[in-house]
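**Student:** File name entry.cif; file contents mmCIF, C-alpha atoms; full text below.
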data_upload
#
loop_
_atom_site.label_atom_id
_atom_site.label_comp_id
_atom_site.auth_asym_id
_atom_site.auth_seq_id
_atom_site.Cartn_x
_atom_site.Cartn_y
_atom_site.Cartn_z
CA MET A 1185 27.11 11.70 15.19
CA THR A 1186 26.27 10.96 11.56
CA ASP A 1187 26.39 7.24 11.67
CA ARG A 1188 25.87 4.64 9.05
CA LEU A 1189 22.56 3.48 10.52
CA ILE A 1190 20.94 6.90 10.14
CA THR A 1191 22.15 7.19 6.54
CA ASP A 1192 20.92 3.70 5.73
CA LEU A 1193 17.51 4.43 7.23
CA ARG A 1194 17.16 7.45 4.96
CA GLU A 1195 17.96 5.15 2.02
CA LEU A 1196 14.79 3.17 2.78
CA MET A 1197 12.78 5.99 1.23
CA THR A 1198 11.41 4.69 -2.06
CA ALA A 1199 9.12 5.90 -4.85
CA ALA A 1200 5.45 4.95 -4.68
CA PRO A 1201 4.36 2.92 -7.75
CA LYS A 1202 2.86 5.21 -10.39
CA VAL A 1203 -0.38 3.22 -10.60
CA ALA A 1204 -0.80 3.46 -6.82
CA VAL A 1205 -0.30 7.23 -6.93
CA ASN A 1206 -2.92 7.39 -9.71
CA ALA A 1207 -5.33 5.38 -7.57
CA ALA A 1208 -4.78 7.81 -4.70
CA ILE A 1209 -5.50 10.82 -6.92
CA ALA A 1210 -8.59 9.05 -8.25
CA VAL A 1211 -10.28 9.18 -4.83
CA SER A 1212 -10.87 12.88 -5.53
CA ALA A 1213 -13.43 14.44 -7.84
CA VAL A 1214 -10.80 15.48 -10.41
CA ALA A 1215 -10.02 12.00 -11.61
CA ASP A 1216 -11.34 8.46 -11.92
CA GLY A 1217 -9.15 5.40 -12.03
CA TYR A 1218 -9.43 2.82 -14.79
CA VAL A 1219 -8.44 -0.73 -15.66
CA THR A 1220 -8.92 -2.86 -18.77
CA ARG A 1221 -10.83 -6.11 -18.98
CA PRO A 1222 -11.31 -8.66 -21.77
CA SER A 1223 -14.82 -9.17 -23.16
CA PRO A 1224 -16.43 -10.97 -26.11
CA LEU A 1225 -16.10 -7.68 -28.02
CA GLY A 1226 -12.45 -7.05 -27.23
CA LEU A 1227 -10.69 -5.01 -24.59
CA LEU A 1228 -12.97 -2.89 -22.38
CA PHE A 1229 -11.83 0.20 -20.49
CA VAL A 1230 -13.55 0.35 -17.10
CA ALA A 1231 -13.41 3.59 -15.13
CA PHE A 1232 -14.45 3.96 -11.49
CA ASN A 1233 -14.50 6.36 -8.59
CA GLU A 1234 -15.53 6.27 -4.94
CA ARG A 1235 -19.20 5.85 -5.90
CA GLY A 1236 -18.66 2.92 -8.25
CA VAL A 1237 -18.04 2.07 -11.90
CA SER A 1238 -18.48 5.29 -13.88
CA ALA A 1239 -17.76 4.22 -17.46
CA VAL A 1240 -17.32 1.21 -19.69
CA ASP A 1241 -15.88 1.99 -23.10
CA MET A 1242 -13.88 0.65 -26.02
CA ALA A 1243 -11.00 2.50 -27.64
CA ASP A 1244 -8.01 1.81 -29.86
CA SER A 1245 -5.56 3.03 -27.24
CA PRO A 1246 -5.42 4.13 -23.62
CA ALA A 1247 -4.76 7.68 -24.81
CA GLU A 1248 -7.93 7.66 -26.91
CA PHE A 1249 -9.98 6.35 -24.00
CA GLU A 1250 -8.51 8.94 -21.62
CA ARG A 1251 -9.27 11.76 -24.05
CA ARG A 1252 -12.83 10.62 -24.63
CA PHE A 1253 -13.48 10.15 -20.92
CA ASN A 1254 -12.18 13.63 -20.20
CA ASP A 1255 -14.34 15.15 -22.95
CA LEU A 1256 -17.46 13.40 -21.65
CA TYR A 1257 -17.08 13.79 -17.89
CA GLY A 1258 -14.64 16.66 -17.41
CA ARG A 1259 -12.46 14.48 -15.21
CA GLN A 1260 -9.16 12.76 -15.86
CA ALA A 1261 -8.96 8.99 -16.24
CA LEU A 1262 -5.81 7.53 -14.71
CA PRO A 1263 -4.60 3.93 -15.11
CA VAL A 1264 -4.43 2.08 -11.78
CA GLY A 1265 -3.04 -1.28 -10.79
CA ARG A 1266 -5.85 -2.57 -8.63
CA LEU A 1267 -9.55 -2.02 -8.11
CA PRO A 1268 -11.33 -1.25 -4.85
CA ALA A 1269 -12.38 -4.56 -3.26
CA GLN A 1270 -16.12 -4.11 -3.83
CA ILE A 1271 -15.59 -3.51 -7.57
CA GLU A 1272 -12.93 -6.19 -7.93
CA ARG A 1273 -15.26 -8.77 -6.42
CA HIS A 1274 -18.15 -8.17 -8.84
CA LEU A 1275 -16.76 -6.64 -12.05
CA ASP A 1276 -15.82 -9.79 -13.98
CA THR A 1277 -19.13 -11.51 -13.22
CA ALA A 1278 -21.02 -8.37 -14.24
CA ILE A 1279 -19.20 -8.26 -17.57
CA ALA A 1280 -19.59 -12.00 -18.18
CA THR A 1281 -23.32 -12.06 -17.39
CA GLY A 1282 -24.31 -8.58 -18.59
CA LYS A 1283 -25.91 -7.90 -15.23
CA PRO A 1284 -24.66 -5.43 -12.61
CA GLY A 1285 -25.58 -7.61 -9.61
CA LYS A 1286 -23.77 -6.16 -6.61
CA LEU A 1287 -21.34 -4.11 -8.70
CA PRO A 1288 -21.57 -0.49 -7.46
CA LEU A 1289 -22.34 1.92 -10.31
CA ASP A 1290 -21.89 5.68 -10.44
CA PHE A 1291 -25.04 7.20 -11.93
CA SER A 1292 -24.47 10.55 -10.22
CA GLY A 1293 -24.32 12.66 -13.38
CA LEU A 1294 -27.56 11.26 -14.83
CA THR A 1295 -31.16 12.42 -14.70
CA GLU A 1296 -33.71 10.52 -12.64
CA PHE A 1297 -35.31 9.38 -15.90
CA SER A 1298 -32.05 7.97 -17.27
CA VAL A 1299 -31.35 6.13 -14.02
CA ALA A 1300 -34.84 4.58 -14.13
CA VAL A 1301 -34.23 3.47 -17.73
CA LEU A 1302 -30.87 1.92 -16.86
CA ARG A 1303 -32.18 0.13 -13.77
CA LYS A 1304 -35.09 -1.33 -15.70
CA THR A 1305 -32.78 -2.38 -18.56
CA ALA A 1306 -30.54 -4.13 -16.04
CA GLU A 1307 -33.45 -6.48 -15.25
CA ILE A 1308 -33.61 -7.98 -18.77
CA PRO A 1309 -32.15 -11.50 -18.59
CA GLY A 1310 -29.23 -12.55 -20.81
CA GLY A 1311 -30.15 -13.85 -24.27
CA GLN A 1312 -33.49 -12.00 -24.28
CA VAL A 1313 -34.60 -8.72 -25.83
CA ARG A 1314 -37.33 -6.18 -25.06
CA PRO A 1315 -38.60 -3.28 -27.17
CA TYR A 1316 -37.81 0.33 -26.26
CA GLY A 1317 -41.52 0.81 -25.65
CA TRP A 1318 -41.49 -1.90 -23.00
CA VAL A 1319 -38.86 -0.03 -20.96
CA ALA A 1320 -40.86 3.19 -21.34
CA ARG A 1321 -44.05 1.55 -20.12
CA GLU A 1322 -42.37 -0.32 -17.27
CA ILE A 1323 -40.95 2.90 -15.79
CA GLY A 1324 -44.33 4.56 -16.00
CA LYS A 1325 -43.56 6.80 -19.00
CA PRO A 1326 -45.32 4.96 -21.85
CA GLY A 1327 -45.01 7.96 -24.19
CA ALA A 1328 -41.27 8.37 -23.74
CA VAL A 1329 -40.10 5.69 -26.20
CA ARG A 1330 -37.66 7.98 -28.01
CA ALA A 1331 -36.34 9.37 -24.73
CA VAL A 1332 -35.62 5.80 -23.63
CA GLY A 1333 -33.59 5.40 -26.82
CA SER A 1334 -31.55 8.52 -26.09
CA ALA A 1335 -31.01 7.54 -22.47
CA LEU A 1336 -29.70 4.15 -23.57
CA ALA A 1337 -27.52 5.74 -26.24
CA ARG A 1338 -25.83 7.61 -23.40
CA ASN A 1339 -25.57 4.56 -21.13
CA PRO A 1340 -22.22 5.19 -19.39
CA VAL A 1341 -21.78 1.50 -18.54
CA PRO A 1342 -22.73 -0.63 -21.56
CA VAL A 1343 -22.31 -4.44 -21.31
CA VAL A 1344 -22.71 -4.19 -17.52
CA VAL A 1345 -26.08 -2.48 -17.93
CA PRO A 1346 -27.21 -4.49 -20.97
CA CYS A 1347 -28.63 -1.81 -23.27
CA HIS A 1348 -27.86 -4.24 -26.11
CA ARG A 1349 -30.97 -6.17 -25.00
CA VAL A 1350 -33.30 -3.30 -25.86
CA VAL A 1351 -34.36 -3.36 -29.53
CA ARG A 1352 -36.89 -1.82 -31.90
CA SER A 1353 -40.38 -3.33 -31.83
CA ASP A 1354 -40.13 -4.20 -35.54
CA GLY A 1355 -37.30 -6.61 -34.75
CA HIS A 1356 -34.47 -4.39 -35.96
CA LEU A 1357 -31.74 -4.11 -33.40
CA GLY A 1358 -31.53 -0.32 -33.38
CA ASN A 1359 -28.45 1.67 -32.50
CA TYR A 1360 -25.59 0.71 -30.25
CA SER A 1361 -23.08 3.03 -28.69
CA LEU A 1362 -20.18 0.75 -27.71
CA GLY A 1363 -17.60 0.49 -30.49
CA ASP A 1364 -18.93 -0.97 -33.74
CA PRO A 1365 -22.76 -0.90 -34.23
CA ASP A 1366 -22.55 -4.61 -35.04
CA ASN A 1367 -21.45 -5.24 -31.45
CA LYS A 1368 -25.08 -5.33 -30.41
CA ARG A 1369 -25.64 -8.41 -32.59
CA LEU A 1370 -22.37 -10.00 -31.43
CA LEU A 1371 -23.30 -9.63 -27.76
CA LEU A 1372 -26.80 -11.04 -28.25
CA GLU A 1373 -25.51 -14.01 -30.25
CA ALA A 1374 -22.82 -14.66 -27.65
CA GLU A 1375 -25.66 -14.88 -25.12
CA GLY A 1376 -27.32 -17.58 -27.20
CA LEU A 1377 -30.13 -15.60 -28.82
CA ASP A 1378 -31.15 -16.95 -32.25
CA LEU A 1379 -31.38 -13.61 -34.01
CA VAL A 1380 -32.29 -15.05 -37.41
CA GLU A 1381 -35.33 -16.76 -35.96
CA TYR A 1382 -36.28 -13.70 -33.91
CA GLN A 1383 -36.04 -11.41 -36.91
CA MET A 1384 -37.97 -13.72 -39.19
CA LEU A 1385 -40.76 -13.68 -36.63
CA SER A 1386 -40.64 -9.89 -36.39
CA ASP A 1387 -40.61 -9.52 -40.16
CA ARG A 1388 -43.89 -11.42 -40.27
CA GLY A 1389 -45.29 -8.83 -37.87
CA ILE A 1390 -45.33 -11.14 -34.87
CA ARG A 1391 -44.75 -9.30 -31.57
CA PHE A 1392 -45.82 -11.93 -29.02
CA THR A 1393 -46.07 -15.67 -28.78
CA GLY A 1394 -48.32 -17.67 -26.50
CA SER A 1395 -48.84 -21.22 -25.35
CA GLU A 1396 -52.21 -22.75 -26.11
CA THR A 1397 -51.88 -25.03 -23.11
CA THR A 1398 -51.51 -22.19 -20.61
CA ASN A 1399 -53.19 -19.32 -22.49
CA ILE A 1400 -50.31 -17.04 -21.52
CA PHE A 1401 -48.54 -14.76 -24.01
CA CYS A 1402 -44.93 -13.56 -23.81
CA HIS A 1403 -42.24 -11.61 -25.59
CA PRO A 1404 -40.90 -14.13 -28.12
CA THR A 1405 -37.48 -14.30 -26.42
CA CYS A 1406 -38.89 -14.78 -22.90
CA HIS A 1407 -37.57 -17.88 -21.20
CA HIS A 1408 -41.13 -19.16 -20.80
CA ALA A 1409 -42.02 -18.56 -24.46
CA ARG A 1410 -39.02 -20.54 -25.57
CA ARG A 1411 -40.05 -23.49 -23.45
CA THR A 1412 -43.32 -23.83 -25.36
CA SER A 1413 -43.14 -26.65 -27.91
CA PRO A 1414 -43.64 -25.48 -31.51
CA GLY A 1415 -46.89 -27.46 -31.83
CA HIS A 1416 -48.48 -25.49 -29.02
CA THR A 1417 -47.15 -22.02 -29.91
CA VAL A 1418 -49.64 -19.37 -30.99
CA GLU A 1419 -48.43 -16.14 -32.63
CA PHE A 1420 -49.87 -12.66 -32.05
CA ARG A 1421 -49.42 -9.38 -33.83
CA SER A 1422 -50.59 -7.28 -30.92
CA GLU A 1423 -51.53 -7.33 -27.27
CA GLN A 1424 -55.12 -6.78 -28.33
CA SER A 1425 -55.28 -9.88 -30.51
CA ALA A 1426 -53.71 -11.97 -27.74
CA ARG A 1427 -56.22 -10.73 -25.20
CA SER A 1428 -59.21 -11.23 -27.46
CA ALA A 1429 -58.02 -14.79 -28.04
CA GLY A 1430 -58.37 -15.24 -24.28
CA PHE A 1431 -54.65 -15.05 -23.41
CA ARG A 1432 -53.23 -13.22 -20.42
CA PRO A 1433 -49.77 -11.58 -20.29
CA CYS A 1434 -46.81 -13.47 -18.76
CA MET A 1435 -45.98 -12.26 -15.23
CA VAL A 1436 -42.26 -12.62 -15.85
CA CYS A 1437 -41.59 -10.80 -19.15
CA ARG A 1438 -44.64 -8.57 -18.71
CA PRO A 1439 -45.49 -8.09 -22.39
CA ALA A 1440 -48.37 -5.79 -21.46
CA ALA A 1441 -49.64 -3.87 -18.50
CA ALA A 1442 -51.76 -6.12 -16.30
CA ALA A 1443 -55.40 -5.55 -17.17
CA MET B 660 15.09 6.94 -5.50
CA THR B 661 16.79 9.06 -2.89
CA THR B 662 15.63 12.51 -2.09
CA THR B 663 18.18 14.73 -0.48
CA MET B 664 15.67 17.52 -0.07
CA THR B 665 14.09 16.87 3.29
CA ARG B 666 11.12 18.37 5.06
CA PRO B 667 9.66 20.28 2.14
CA ASP B 668 7.50 23.19 3.19
CA LEU B 669 3.94 21.95 2.72
CA SER B 670 2.19 25.07 4.04
CA PRO B 671 1.40 26.47 0.55
CA LEU B 672 -0.28 23.14 -0.09
CA ALA B 673 -2.50 23.55 2.98
CA ARG B 674 -3.46 27.00 1.75
CA ASP B 675 -4.34 25.64 -1.71
CA LEU B 676 -6.30 22.70 -0.27
CA ALA B 677 -8.25 25.15 1.88
CA THR B 678 -9.40 27.25 -1.06
CA ASP B 679 -9.77 24.57 -3.75
CA LEU B 680 -9.71 20.99 -2.45
CA ASP B 681 -10.16 19.33 -5.83
CA GLY B 682 -7.80 21.68 -7.62
CA ALA B 683 -5.01 21.05 -5.11
CA PHE B 684 -5.61 17.41 -4.27
CA THR B 685 -3.43 16.03 -7.06
CA ALA B 686 -0.49 18.20 -5.96
CA TYR B 687 -1.07 17.09 -2.36
CA VAL B 688 -0.95 13.41 -3.34
CA LEU B 689 2.13 13.89 -5.52
CA ALA B 690 3.94 15.74 -2.72
CA THR B 691 3.19 13.20 -0.02
CA ALA B 692 2.68 9.81 -1.74
CA ASP B 693 6.31 8.63 -1.76
CA GLY B 694 6.52 9.27 1.96
CA ILE B 695 3.24 7.57 2.79
CA PHE B 696 4.13 4.60 0.62
CA SER B 697 7.71 4.23 1.92
CA GLY B 698 6.67 4.65 5.54
CA SER B 699 3.81 2.16 5.24
CA LEU B 700 6.07 -0.29 3.42
CA ARG B 701 8.66 -0.13 6.22
CA MET B 702 6.03 -0.44 8.92
CA LEU B 703 4.22 -3.34 7.24
CA GLY B 704 7.00 -5.06 5.29
CA ASP B 705 4.70 -5.83 2.36
CA ARG B 706 4.20 -3.83 -0.83
CA ARG B 707 0.63 -4.88 -1.42
CA ASP B 708 -0.38 -3.94 2.10
CA ALA B 709 1.47 -0.64 1.75
CA GLU B 710 -0.42 0.14 -1.47
CA ASP B 711 -3.73 -0.67 0.23
CA VAL B 712 -2.92 1.57 3.17
CA MET B 713 -1.86 4.37 0.87
CA GLN B 714 -5.09 4.15 -1.11
CA GLU B 715 -7.22 4.10 2.03
CA THR B 716 -5.24 6.97 3.54
CA TYR B 717 -5.99 9.33 0.65
CA SER B 718 -9.58 8.20 0.46
CA ARG B 719 -10.06 9.12 4.13
CA ALA B 720 -8.02 12.28 3.80
CA TYR B 721 -10.19 13.46 0.92
CA LYS B 722 -13.40 12.81 2.80
CA ALA B 723 -12.06 14.43 5.96
CA LEU B 724 -10.82 17.53 4.14
CA GLY B 725 -14.19 17.83 2.43
CA GLY B 726 -15.78 18.24 5.86
CA TYR B 727 -13.18 20.64 7.35
CA SER B 728 -13.57 24.40 7.37
CA GLU B 729 -11.22 26.48 5.23
CA GLU B 730 -9.65 27.83 8.41
CA ARG B 731 -8.96 24.35 9.76
CA ILE B 732 -7.31 23.13 6.54
CA ARG B 733 -5.20 26.28 6.29
CA ASN B 734 -3.76 25.59 9.73
CA LEU B 735 -3.16 21.93 9.05
CA LYS B 736 0.37 20.55 9.10
CA VAL B 737 -0.39 18.49 6.04
CA GLY B 738 2.49 15.99 6.23
CA GLY B 739 2.01 15.07 9.87
CA TRP B 740 -1.78 15.12 9.60
CA THR B 741 -1.73 12.62 6.72
CA TRP B 742 0.36 10.36 8.91
CA THR B 743 -2.24 10.41 11.68
CA ILE B 744 -4.47 8.57 9.20
CA ALA B 745 -1.80 6.32 7.68
CA ALA B 746 -0.19 5.26 10.98
CA ASN B 747 -3.56 4.21 12.33
CA LEU B 748 -4.26 2.17 9.22
CA CYS B 749 -0.85 0.49 9.45
CA ARG B 750 -1.46 -0.43 13.08
CA ASN B 751 -4.93 -1.80 12.30
CA ARG B 752 -3.61 -3.82 9.41
CA LEU B 753 -0.94 -5.44 11.54
CA ARG B 754 -3.55 -6.25 14.16
CA SER B 755 -5.93 -7.86 11.70
CA ARG B 756 -3.01 -9.72 10.14
CA ALA B 757 -2.13 -11.10 13.56
CA ARG B 758 -5.73 -12.20 14.05
CA LYS B 759 -5.90 -14.16 10.79
CA PRO B 760 -2.38 -15.32 10.07
CA THR B 761 -3.48 -18.07 7.72
CA VAL B 762 -2.80 -17.24 4.10
CA PRO B 763 -3.53 -19.52 1.15
CA LEU B 764 -0.43 -21.23 -0.21
CA GLU B 765 -0.56 -19.46 -3.57
CA ALA B 766 -0.63 -16.13 -1.86
CA LEU B 767 2.43 -17.02 0.18
CA GLU B 768 4.33 -17.82 -2.96
CA VAL B 769 3.42 -14.51 -4.55
CA LYS B 770 4.43 -12.73 -1.39
CA ALA B 771 7.82 -14.41 -1.35
CA THR B 772 8.51 -13.33 -4.92
CA ASN B 773 7.50 -9.77 -4.17
CA THR B 774 9.79 -9.63 -1.20
CA ASP B 775 12.66 -10.93 -3.28
CA THR B 776 12.24 -8.17 -5.82
CA GLU B 777 12.17 -5.69 -3.02
CA ASP B 778 15.34 -7.16 -1.53
CA ALA B 779 17.15 -7.05 -4.84
CA ALA B 780 16.49 -3.35 -5.13
CA LEU B 781 18.22 -2.70 -1.82
CA SER B 782 21.89 -2.99 -0.99
CA GLY B 783 23.01 -5.89 1.19
CA ILE B 784 22.81 -3.78 4.30
CA GLY B 785 19.37 -2.53 3.32
CA LYS B 786 18.14 -6.10 3.55
CA VAL B 787 19.54 -6.60 7.03
CA LEU B 788 18.11 -3.29 8.17
CA ARG B 789 14.71 -3.95 6.70
CA ARG B 790 14.48 -7.25 8.53
CA ALA B 791 15.77 -5.79 11.76
CA LEU B 792 13.12 -3.07 11.51
CA MET B 793 10.38 -5.65 11.17
CA ASP B 794 11.60 -7.30 14.38
CA LEU B 795 10.98 -4.12 16.40
CA PRO B 796 7.73 -3.73 18.34
CA PHE B 797 5.33 -1.56 16.31
CA PRO B 798 5.58 1.63 18.39
CA GLN B 799 9.38 1.64 18.09
CA ARG B 800 9.30 0.75 14.40
CA ALA B 801 6.73 3.42 13.62
CA ALA B 802 8.66 6.05 15.57
CA VAL B 803 12.01 5.18 13.93
CA VAL B 804 10.47 5.11 10.44
CA LEU B 805 8.68 8.44 10.85
CA ARG B 806 11.75 10.09 12.39
CA HIS B 807 14.59 8.69 10.32
CA VAL B 808 13.15 7.42 7.05
CA LEU B 809 10.68 10.26 6.59
CA ASP B 810 12.35 12.98 8.67
CA LEU B 811 9.18 14.09 10.45
CA THR B 812 9.53 16.36 13.49
CA TYR B 813 8.98 14.86 16.94
CA ASP B 814 5.87 17.01 17.32
CA ASP B 815 4.40 15.61 14.10
CA ILE B 816 5.28 12.06 15.09
CA ALA B 817 3.71 12.49 18.52
CA ALA B 818 0.52 13.75 16.86
CA ALA B 819 0.55 11.00 14.22
CA LEU B 820 0.99 8.20 16.75
CA ASP B 821 -1.13 9.90 19.42
CA ARG B 822 1.60 9.51 22.04
CA PRO B 823 3.48 12.06 24.16
CA VAL B 824 6.62 13.54 22.60
CA GLY B 825 8.77 12.09 25.39
CA THR B 826 7.49 8.59 24.75
CA VAL B 827 8.15 8.95 21.04
CA LYS B 828 11.70 10.12 21.67
CA ALA B 829 12.29 7.15 23.97
CA ASP B 830 10.85 4.79 21.34
CA VAL B 831 13.13 6.18 18.65
CA HIS B 832 16.11 5.84 20.97
CA ARG B 833 15.28 2.27 21.98
CA GLY B 834 14.53 1.34 18.40
CA LEU B 835 17.85 2.66 17.13
CA THR B 836 19.73 0.84 19.89
CA ARG B 837 18.14 -2.44 18.89
CA LEU B 838 18.80 -1.82 15.20
CA ARG B 839 22.49 -1.17 15.94
CA ARG B 840 22.70 -4.48 17.73
CA ALA B 841 21.25 -6.21 14.68
CA TYR B 842 23.86 -4.60 12.42
CA PRO B 843 26.86 -6.80 11.65
CA GLU B 844 29.90 -5.50 13.56
CA GLU B 845 32.08 -4.69 10.54
CA THR B 846 29.55 -2.34 9.00
CA ILE B 847 29.66 0.08 11.90
CA ARG B 848 32.19 2.77 11.28
#
Would you mind writing the structure in this file as structure tokens?
**Tutor:**
Amino acid sequence: MTDRLITDLRELMTAAPKVAVNAAIAVSAVADGYVTRPSPLGLLFVAFNERGVSAVDMADSPAEFERRFNDLYGRQALPVGRLPAQIERHLDTAIATGKPGKLPLDFSGLTEFSVAVLRKTAEIPGGQVRPYGWVAREIGKPGAVRAVGSALARNPVPVVVPCHRVVRSDGHLGNYSLGDPDNKRLLLEAEGLDLVEYQMLSDRGIRFTGSETTNIFCHPTCHHARRTSPGHTVEFRSEQSARSAGFRPCMVCRPAAAA
Amino acid sequence: MTTTMTRPDLSPLARDLATDLDGAFTAYVLATADGIFSGSLRMLGDRRDAEDVMQETYSRAYKALGGYSEERIRNLKVGGWTWTIAANLCRNRLRSRARKPTVPLEALEVKATNTDTEDAALSGIGKVLRRALMDLPFPQRAAVVLRHVLDLTYDDIAAALDRPVGTVKADVHRGLTRLRRAYPEETIR
């Protein structure tokens, strides 16, 4: 008996939404899913896979982003409707604060050195900057300043891992890989850093500032340095001059290896 | 979308998945996704939940296949096997939904709108049927959906639901009987 009920049941077959099919394909190693998110710089493309967020990028169009992603990682990037819960929960905060927090990140294609650089960079608080050499020293590779620069240039997840907070020791901002080079300045200013003041200080050769009431010296953008009132601020051109003036390095911004 | 082609032969897919999981995974998803989505949607009655289940199904399938031997994948009845994962997830989702039935007001509103869109896409009788399906106990609903919406074999359904074939057949029969009762008289030819 071919009855109406059986025919009607067959009619309940429907097409899966394209973005949901994409998300299903993206669980495999051939493709990552991606969404877009607003940021102070403009629209960000955020790719992810089962391990976590794999790329943050800017592009003029989805097609351009997809092509670039494929060139870089050898996988497809497919637009999806929704993010996995763990990423959804932490992505917007990570973008807004420039700090990964609990956002899972996919560093699987990177060298151990690059991962160390990125993890250390992720510790720099918003609105503050550290020299490339500081990252190198903190990860136990004081001679690898240039390598730190290259590792940051290839940071797959800019903004979220704030490579914009790592600058040259002479006060110049150095390169930036996400969109326009000027984005580095825009991000730092959006975080409240007074770049004019910082660069004037650097131009005078000042690398550290200290407080004469505590005898502690800091990176000039360290939260503790900025709390020092101008009347009590002492300026130093080097770690050596700070130490010989009887100052010890700040435990928070760690401007020098503990003696 | 209505597919008239039923029960496509998925055995070449199993062969391809066995030799090159990543190379064949996209084809596997494309071949099975409409079924997994439609079936989950009819078992759960909610598009968002159906999308979640679909996503989780393929995530688990990918991990499972990655751990299977080539031999095991080659002998897999891919369609039915995927449903062993999806049916379980549907059942679990209904259970957890029953445990925490409180939903924020905003969410309820969104849900209502979604359902309306869904209803509009179906003919008048589709609406009645969809609701009648949701009134069936889960084992009957799952069996009817897998048999008559997705056209799975009784063997595949029995495996997917982890129940004896006889029980599945009885569930389909009982389910259909109840659905017929819910149908308005004049629509039965």
**Student:** Pick the closest to Arg1321 in chain A from A:Ala1337, A:Leu1275, A:Ala1300, A:Val1345: which is it, counting only C-alpha atoms?
**Tutor:** A:Ala1300
**Student:** CA of Arg701 in chain B and CA of Arg790 in chain B are how many Å apart?
**Tutor:**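 For CA of Arg701 in chain B relative to CA of Arg790 in chain B, the distance reads 9.5 Å.
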**Student:** Quick one: which residues from chain B are at most 9 Å off chain A, using all atoms listed in the file, as a VMD selection string?
**Tutor:** chain B and resid 660 to 662 680 to 682 684 to 689 692 to 698 701 710 to 711 713 to 719 721 to 722 781 784 to 785 788 to 789 803 to 804 807 to 810 835 838 to 839 842 846 to 848
**Student:** Would you mind telling me which residue in A:Val1350, A:Ile1308, A:Leu1370, A:Leu1225 lies nearest to Arg1438 in chain A when using all atoms listed in the file?
**Tutor:** A:Ile1308
**Student:** So the first atom is CA of Pro1326 in chain A and the second is CA of Glu1396 in chain A; what is the distance between them in Å, to one decimal place?
**Tutor:** 28.9 Å
**Student:** Just to confirm, what's the straight-line distance from CA of Ile816 in chain B to CA of Met793 in chain B in Å (one decimal)?
**Tutor:**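 Pair CA of Ile816 in chain B / CA of Met793 in chain B returns 18.8 Å.
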**Student:** When distances are computed from all atoms listed in the file, which of A:Leu1256, A:Cys1406, A:Val1313, A:Pro1439 shows the smallest separation from Gln1383 in chain A?
**Tutor:**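 Going through A:Leu1256, A:Cys1406, A:Val1313, A:Pro1439 one by one, the smallest distance to Gln1383 in chain A is for A:Val1313.
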**Student:** Would you mind listing what lies within 12 Å of Asn751 in chain B as a PyMOL selection string, with all atoms listed in the file counted and same-chain residues fewer than 2 positions away left out?
**Tutor:** chain B and resi 699+702-703+708+712+744-749+753-758+797
**Student:** On this file, the PyMOL selection byres ((chain A and resi 1418) around 8) gives some set of residues; write that set as a PyMOL selection string.
**Tutor:** chain A and resi 1393-1396+1416-1417+1419-1420
